[in-house]
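First comes the structure, then the notes that go with it.
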Amino acid sequence: MIDRTVSTVIEAEKCIGCGLCVEVCPSETISMQGGKAVVSGDRSLSCGHCAAVCPVDAITIRSIDPEASRFATFTADLLWLPHGEFNTAHLVRLMASRRSCRNFKDKPVDRALLEDLLKIGVTAPSGTNSQMWTFTILPTRESVAALGDQVALFFKRINKLSEKDWLRNVLRLIGKPELDHYYRDYYPSVSEALAERESNGRDRLFHGATAAIVVGSRPEGSTLREDALLATQNMLLAAHSMGLGTCLIGFAVVPMTKGFQTKRFLGIPDDENVHAVIALGYPDERYLKVAGRKKYVHRYFER
């Protein structure tokens, strides 16, 4: 169950009775009584809207961790940026410039930088402000390679299963065509990658990345996957601005959605879900222009 305990504190002597906190509170935790704002509700999203809007700093949310907004590698400006006051062209340039990096330098990523990325990640929105995301940091090339070994073992087993024609046919007949689809779409390339890994040590999974972050979620919450992926996008963009390259490794997610072994190897509890694995490191590649995009489907609905 998501914790909705009220931790809002209002200093009555500071409150000027403007009522702004009541207007922005999504869960009716606060009301106006006798010309002052008071905590009257029995549940709270702990979103911090009330504290952020208060002109006299009369409100504190005790469940909010102030350390989550303190960064080790840069100083953040904590003043709210009003709507329309950021350069959209600069934002789009950052988004379009972030590309999947598959060539990394043999240079470690400082742990302070990795921890700052997590703090940037959790500035993302989450369903009903549940903030149920979890992060597992692999801070060294050795730890990334160890995860790669676990993923390779998983796909060796899947490849052996998919080689059985009778098994693929039976599963397809009973409405489970996933193994057949895997054999058709991925078996050749995975087999090649596994063979290269064993013959010459080439890392076609993490591409030599010197760090990684596994993004997951605790079991409670309404939109866990969406929340985790929003946090992931925050980290991808921030990493680019910090001089890091990133690549989402979908093949590393699969073993952690099909069983517990790989999660347990990383110390991730069985009841947590894994949604993304980010390879990180200093990029050994440079581009001259941003990439384009394929045509996308869009439509309007008007009534």
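Residue numbering restarts at 1 for every chain of the structure tokens, chains are lettered A, B, ... in their displayed order, and ligands are numbered from 1 as they appear.
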
Using only C-alpha atoms, which protein or nucleic acid residues come within 12 Å of segment 144-148 of chain A? Drop anything in the same chain fewer than 2 positions from it, and give the result as an mmCIF file with N, CA and C atoms, in the first residue's frame.
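Written out: selection.cif:
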data_model
loop_
_atom_site.group_PDB
_atom_site.id
_atom_site.type_symbol
_atom_site.label_atom_id
_atom_site.label_comp_id
_atom_site.auth_asym_id
_atom_site.auth_seq_id
_atom_site.Cartn_x
_atom_site.Cartn_y
_atom_site.Cartn_z
ATOM 1 N N PRO A 108 36.321 5.176 -16.053
ATOM 2 C CA PRO A 108 35.244 4.983 -15.073
ATOM 3 C C PRO A 108 34.401 6.245 -14.892
ATOM 4 N N THR A 136 19.347 0.381 -9.152
ATOM 5 C CA THR A 136 20.500 -0.431 -8.782
ATOM 6 C C THR A 136 21.677 0.026 -9.640
ATOM 7 N N ILE A 137 22.720 0.527 -8.994
ATOM 8 C CA ILE A 137 23.875 1.073 -9.703
ATOM 9 C C ILE A 137 24.955 0.009 -9.846
ATOM 10 N N LEU A 138 25.441 -0.156 -11.066
ATOM 11 C CA LEU A 138 26.621 -0.977 -11.338
ATOM 12 C C LEU A 138 27.747 0.003 -11.660
ATOM 13 N N PRO A 139 28.625 0.301 -10.704
ATOM 14 C CA PRO A 139 29.534 1.437 -10.845
ATOM 15 C C PRO A 139 30.849 1.156 -11.544
ATOM 16 N N THR A 140 31.103 -0.092 -11.912
ATOM 17 C CA THR A 140 32.398 -0.434 -12.518
ATOM 18 C C THR A 140 32.202 -1.285 -13.761
ATOM 19 N N ARG A 141 33.226 -1.312 -14.591
ATOM 20 C CA ARG A 141 33.201 -2.160 -15.780
ATOM 21 C C ARG A 141 33.059 -3.623 -15.386
ATOM 22 N N GLU A 142 33.709 -4.013 -14.279
ATOM 23 C CA GLU A 142 33.651 -5.392 -13.817
ATOM 24 C C GLU A 142 32.230 -5.801 -13.440
ATOM 25 N N GLN A 150 25.581 -13.003 -16.816
ATOM 26 C CA GLN A 150 24.285 -13.558 -16.424
ATOM 27 C C GLN A 150 23.296 -13.514 -17.583
ATOM 28 N N VAL A 151 23.289 -12.406 -18.308
ATOM 29 C CA VAL A 151 22.388 -12.265 -19.463
ATOM 30 C C VAL A 151 22.756 -13.279 -20.541
ATOM 31 N N ALA A 152 24.050 -13.483 -20.755
ATOM 32 C CA ALA A 152 24.498 -14.456 -21.761
ATOM 33 C C ALA A 152 24.039 -15.862 -21.404
ATOM 34 N N LEU A 153 24.123 -16.238 -20.127
ATOM 35 C CA LEU A 153 23.668 -17.563 -19.692
ATOM 36 C C LEU A 153 22.177 -17.735 -19.958
ATOM 37 N N PHE A 154 21.415 -16.690 -19.695
ATOM 38 C CA PHE A 154 19.964 -16.742 -19.924
ATOM 39 C C PHE A 154 19.661 -16.989 -21.401
ATOM 40 N N PHE A 155 20.330 -16.259 -22.283
ATOM 41 C CA PHE A 155 20.020 -16.390 -23.711
ATOM 42 C C PHE A 155 20.593 -17.674 -24.308
ATOM 43 N N ALA A 193 26.209 -13.028 -31.497
ATOM 44 C CA ALA A 193 26.773 -12.235 -30.396
ATOM 45 C C ALA A 193 27.366 -13.130 -29.312
ATOM 46 N N LEU A 194 26.685 -14.234 -29.006
ATOM 47 C CA LEU A 194 27.195 -15.168 -28.003
ATOM 48 C C LEU A 194 28.493 -15.823 -28.477
ATOM 49 N N ARG A 197 31.299 -13.337 -28.176
ATOM 50 C CA ARG A 197 31.634 -13.136 -26.765
ATOM 51 C C ARG A 197 32.596 -14.232 -26.290
ATOM 52 N N GLY A 201 35.763 -12.211 -26.828
ATOM 53 C CA GLY A 201 35.401 -11.331 -25.713
ATOM 54 C C GLY A 201 34.682 -10.060 -26.115
ATOM 55 N N ARG A 202 34.253 -9.966 -27.377
ATOM 56 C CA ARG A 202 33.559 -8.749 -27.803
ATOM 57 C C ARG A 202 32.236 -8.598 -27.056
ATOM 58 N N ASP A 203 31.995 -7.405 -26.536
ATOM 59 C CA ASP A 203 30.800 -7.119 -25.747
ATOM 60 C C ASP A 203 29.769 -6.417 -26.623
ATOM 61 N N ARG A 204 28.887 -7.206 -27.235
ATOM 62 C CA ARG A 204 27.844 -6.612 -28.072
ATOM 63 C C ARG A 204 26.571 -6.328 -27.278
ATOM 64 N N LEU A 205 26.626 -6.536 -25.968
ATOM 65 C CA LEU A 205 25.473 -6.234 -25.111
ATOM 66 C C LEU A 205 25.614 -4.844 -24.503
ATOM 67 N N PHE A 206 26.701 -4.614 -23.764
ATOM 68 C CA PHE A 206 26.923 -3.326 -23.100
ATOM 69 C C PHE A 206 27.952 -2.457 -23.827
ATOM 70 N N HIS A 207 28.568 -2.984 -24.883
ATOM 71 C CA HIS A 207 29.446 -2.195 -25.747
ATOM 72 C C HIS A 207 30.628 -1.570 -24.997
ATOM 73 N N GLY A 208 31.059 -2.219 -23.934
ATOM 74 C CA GLY A 208 32.206 -1.702 -23.192
ATOM 75 C C GLY A 208 31.875 -0.609 -22.201
ATOM 76 N N ALA A 209 30.594 -0.391 -21.905
ATOM 77 C CA ALA A 209 30.201 0.638 -20.933
ATOM 78 C C ALA A 209 30.854 0.356 -19.585
ATOM 79 N N THR A 210 31.234 1.422 -18.886
ATOM 80 C CA THR A 210 31.930 1.266 -17.612
ATOM 81 C C THR A 210 31.003 1.428 -16.405
ATOM 82 N N ALA A 211 29.728 1.614 -16.647
ATOM 83 C CA ALA A 211 28.738 1.688 -15.563
ATOM 84 C C ALA A 211 27.367 1.381 -16.145
ATOM 85 N N ALA A 212 26.431 1.093 -15.268
ATOM 86 C CA ALA A 212 25.049 0.848 -15.697
ATOM 87 C C ALA A 212 24.109 1.141 -14.536
ATOM 88 N N ILE A 213 22.880 1.443 -14.878
ATOM 89 C CA ILE A 213 21.834 1.659 -13.871
ATOM 90 C C ILE A 213 20.625 0.815 -14.252
ATOM 91 N N VAL A 214 20.167 -0.013 -13.316
ATOM 92 C CA VAL A 214 18.953 -0.803 -13.500
ATOM 93 C C VAL A 214 17.802 -0.044 -12.859
ATOM 94 N N ILE A 249 19.514 -0.994 -22.776
ATOM 95 C CA ILE A 249 19.858 -2.379 -23.110
ATOM 96 C C ILE A 249 18.640 -3.267 -22.837
ATOM 97 N N PHE A 251 17.880 -6.193 -24.013
ATOM 98 C CA PHE A 251 18.184 -7.603 -23.803
ATOM 99 C C PHE A 251 18.565 -7.895 -22.353
ATOM 100 N N ALA A 252 19.052 -6.889 -21.631
ATOM 101 C CA ALA A 252 19.403 -7.094 -20.226
ATOM 102 C C ALA A 252 18.172 -7.054 -19.325
ATOM 103 N N VAL A 253 17.089 -6.461 -19.819
ATOM 104 C CA VAL A 253 15.847 -6.399 -19.035
ATOM 105 C C VAL A 253 15.136 -7.755 -19.055
ATOM 106 N N PRO A 255 15.870 -11.049 -18.964
ATOM 107 C CA PRO A 255 16.050 -12.077 -17.937
ATOM 108 C C PRO A 255 15.423 -11.701 -16.593
ATOM 109 N N MET A 256 15.342 -10.398 -16.332
ATOM 110 C CA MET A 256 14.818 -9.953 -15.034
ATOM 111 C C MET A 256 13.295 -9.847 -15.026
ATOM 112 N N GLN A 261 16.457 -15.208 -10.980
ATOM 113 C CA GLN A 261 17.878 -15.501 -10.838
ATOM 114 C C GLN A 261 18.762 -14.279 -11.065
ATOM 115 N N THR A 262 18.548 -13.567 -12.179
ATOM 116 C CA THR A 262 19.394 -12.412 -12.493
ATOM 117 C C THR A 262 19.153 -11.276 -11.519
ATOM 118 N N LYS A 263 17.893 -11.074 -11.116
ATOM 119 C CA LYS A 263 17.607 -10.043 -10.125
ATOM 120 C C LYS A 263 18.296 -10.354 -8.800
ATOM 121 N N ARG A 264 18.214 -11.594 -8.382
ATOM 122 C CA ARG A 264 18.869 -11.977 -7.125
ATOM 123 C C ARG A 264 20.373 -11.799 -7.204
ATOM 124 N N PHE A 265 20.947 -12.061 -8.369
ATOM 125 C CA PHE A 265 22.384 -11.870 -8.575
ATOM 126 C C PHE A 265 22.773 -10.419 -8.282
ATOM 127 N N LEU A 266 21.872 -9.478 -8.650
ATOM 128 C CA LEU A 266 22.139 -8.050 -8.442
ATOM 129 C C LEU A 266 21.655 -7.548 -7.083
ATOM 130 N N GLY A 267 21.037 -8.439 -6.294
ATOM 131 C CA GLY A 267 20.527 -8.016 -4.992
ATOM 132 C C GLY A 267 19.198 -7.304 -5.064
ATOM 133 N N VAL A 277 17.370 -0.927 -18.334
ATOM 134 C CA VAL A 277 18.779 -1.001 -17.968
ATOM 135 C C VAL A 277 19.520 0.001 -18.846
ATOM 136 N N ILE A 278 20.218 0.934 -18.204
ATOM 137 C CA ILE A 278 20.932 1.988 -18.920
ATOM 138 C C ILE A 278 22.425 1.703 -18.871
ATOM 139 N N ALA A 279 23.063 1.540 -20.017
ATOM 140 C CA ALA A 279 24.524 1.474 -20.084
ATOM 141 C C ALA A 279 25.060 2.894 -20.098
ATOM 142 N N LEU A 280 26.133 3.132 -19.330
ATOM 143 C CA LEU A 280 26.673 4.479 -19.168
ATOM 144 C C LEU A 280 28.185 4.480 -19.300
ATOM 145 N N GLY A 281 28.694 5.578 -19.798
ATOM 146 C CA GLY A 281 30.139 5.747 -19.871
ATOM 147 C C GLY A 281 30.489 6.975 -20.676
#

*asked:* as a list in words, please: every residue in segment 56-163 of chain A that DSSP puts in strand (DSSP E or B).
replied: Ile59, Thr60, Ile61, Ser100, Phe104, Trp133, Thr134, Phe135, Thr136, Ile137 and Leu138 of chain A

Give me, as a PDB file with N, CA and C atoms, in the first residue's frame, all polymer residues having an atom no more than 12 Å from Ser162 of chain A, counting only C-alpha atoms and skipping those fewer than 6 positions away in the same chain.
ATOM      1  N   PHE A 155      20.330 -16.259 -22.283  1.00  0.00           N
ATOM      2  CA  PHE A 155      20.020 -16.390 -23.711  1.00  0.00           C
ATOM      3  C   PHE A 155      20.593 -17.674 -24.308  1.00  0.00           C
ATOM      4  N   LYS A 156      21.610 -18.233 -23.721  1.00  0.00           N
ATOM      5  CA  LYS A 156      22.057 -19.560 -24.156  1.00  0.00           C
ATOM      6  C   LYS A 156      20.948 -20.580 -23.932  1.00  0.00           C
ATOM      7  N   ARG A 168       8.489 -25.181 -30.403  1.00  0.00           N
ATOM      8  CA  ARG A 168       7.955 -23.929 -30.955  1.00  0.00           C
ATOM      9  C   ARG A 168       6.579 -24.155 -31.561  1.00  0.00           C
ATOM     10  N   ASN A 169       6.401 -25.273 -32.258  1.00  0.00           N
ATOM     11  CA  ASN A 169       5.123 -25.561 -32.901  1.00  0.00           C
ATOM     12  C   ASN A 169       4.016 -25.813 -31.884  1.00  0.00           C
ATOM     13  N   VAL A 170       4.330 -26.572 -30.853  1.00  0.00           N
ATOM     14  CA  VAL A 170       3.327 -26.852 -29.815  1.00  0.00           C
ATOM     15  C   VAL A 170       2.897 -25.558 -29.123  1.00  0.00           C
ATOM     16  N   LEU A 171       3.885 -24.745 -28.750  1.00  0.00           N
ATOM     17  CA  LEU A 171       3.553 -23.487 -28.072  1.00  0.00           C
ATOM     18  C   LEU A 171       2.735 -22.569 -28.970  1.00  0.00           C
ATOM     19  N   ARG A 172       3.069 -22.552 -30.252  1.00  0.00           N
ATOM     20  CA  ARG A 172       2.305 -21.711 -31.184  1.00  0.00           C
ATOM     21  C   ARG A 172       0.862 -22.203 -31.297  1.00  0.00           C
ATOM     22  N   PRO A 177       3.008 -17.925 -29.069  1.00  0.00           N
ATOM     23  CA  PRO A 177       3.962 -17.908 -30.193  1.00  0.00           C
ATOM     24  C   PRO A 177       5.270 -17.179 -29.881  1.00  0.00           C
ATOM     25  N   GLU A 178       5.479 -16.761 -28.629  1.00  0.00           N
ATOM     26  CA  GLU A 178       6.634 -15.926 -28.318  1.00  0.00           C
ATOM     27  C   GLU A 178       7.966 -16.592 -28.672  1.00  0.00           C
ATOM     28  N   LEU A 179       8.109 -17.879 -28.356  1.00  0.00           N
ATOM     29  CA  LEU A 179       9.372 -18.564 -28.645  1.00  0.00           C
ATOM     30  C   LEU A 179       9.611 -18.657 -30.150  1.00  0.00           C
ATOM     31  N   ASP A 180       8.555 -18.885 -30.906  1.00  0.00           N
ATOM     32  CA  ASP A 180       8.671 -18.943 -32.364  1.00  0.00           C
ATOM     33  C   ASP A 180       9.071 -17.583 -32.921  1.00  0.00           C
ATOM     34  N   HIS A 181       8.479 -16.518 -32.380  1.00  0.00           N
ATOM     35  CA  HIS A 181       8.841 -15.166 -32.820  1.00  0.00           C
ATOM     36  C   HIS A 181      10.302 -14.859 -32.480  1.00  0.00           C
ATOM     37  N   TYR A 182      10.726 -15.302 -31.295  1.00  0.00           N
ATOM     38  CA  TYR A 182      12.116 -15.081 -30.899  1.00  0.00           C
ATOM     39  C   TYR A 182      13.056 -15.784 -31.881  1.00  0.00           C
ATOM     40  N   TYR A 183      12.739 -17.024 -32.208  1.00  0.00           N
ATOM     41  CA  TYR A 183      13.595 -17.795 -33.117  1.00  0.00           C
ATOM     42  C   TYR A 183      13.681 -17.114 -34.484  1.00  0.00           C
ATOM     43  N   ARG A 184      12.587 -16.592 -34.933  1.00  0.00           N
ATOM     44  CA  ARG A 184      12.541 -15.945 -36.255  1.00  0.00           C
ATOM     45  C   ARG A 184      13.288 -14.608 -36.247  1.00  0.00           C
ATOM     46  N   ASP A 185      13.090 -13.800 -35.199  1.00  0.00           N
ATOM     47  CA  ASP A 185      13.565 -12.410 -35.217  1.00  0.00           C
ATOM     48  C   ASP A 185      14.916 -12.198 -34.533  1.00  0.00           C
ATOM     49  N   TYR A 186      15.238 -13.020 -33.528  1.00  0.00           N
ATOM     50  CA  TYR A 186      16.415 -12.718 -32.714  1.00  0.00           C
ATOM     51  C   TYR A 186      17.458 -13.838 -32.640  1.00  0.00           C
ATOM     52  N   TYR A 187      17.048 -15.058 -32.860  1.00  0.00           N
ATOM     53  CA  TYR A 187      17.969 -16.181 -32.687  1.00  0.00           C
ATOM     54  C   TYR A 187      19.274 -16.024 -33.465  1.00  0.00           C
ATOM     55  N   PRO A 188      19.239 -15.643 -34.752  1.00  0.00           N
ATOM     56  CA  PRO A 188      20.498 -15.537 -35.508  1.00  0.00           C
ATOM     57  C   PRO A 188      21.462 -14.508 -34.919  1.00  0.00           C
ATOM     58  N   VAL A 190      21.477 -13.145 -31.856  1.00  0.00           N
ATOM     59  CA  VAL A 190      21.900 -13.496 -30.504  1.00  0.00           C
ATOM     60  C   VAL A 190      22.954 -14.597 -30.552  1.00  0.00           C
ATOM     61  N   SER A 191      22.761 -15.580 -31.420  1.00  0.00           N
ATOM     62  CA  SER A 191      23.745 -16.656 -31.564  1.00  0.00           C
ATOM     63  C   SER A 191      25.103 -16.101 -31.987  1.00  0.00           C
TER      64      SER A 191
END

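Residues surrounding Pro283 of chain A within 7 Å are A:Cys101, A:Asn103, A:Phe104, A:Lys105, A:Leu244, A:Gly245 [only C-alpha atoms; sequence separation below 3 positions excluded].
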
*DSSP helix (DSSP H, G or I) residues within segment 31-274 of chain A, listed as number ranges by chain*: A: 49-53, 66-69, 88-97, 111-121, 127-129, 141-162, 165-173, 178-185, 187-200, 224-241, 250-258, 261-266

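Here the question is which of A:Leu20, A:Trp166, A:Val6, A:Cys54 gets nearest to Val39 of chain A using only C-alpha atoms, and that residue is A:Val6.
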
*Residue nearest Cys47 of chain A - candidates A:Pro82, A:Gly19, A:Pro125, A:Gly34, atoms counted: only C-alpha atoms*: A:Pro125
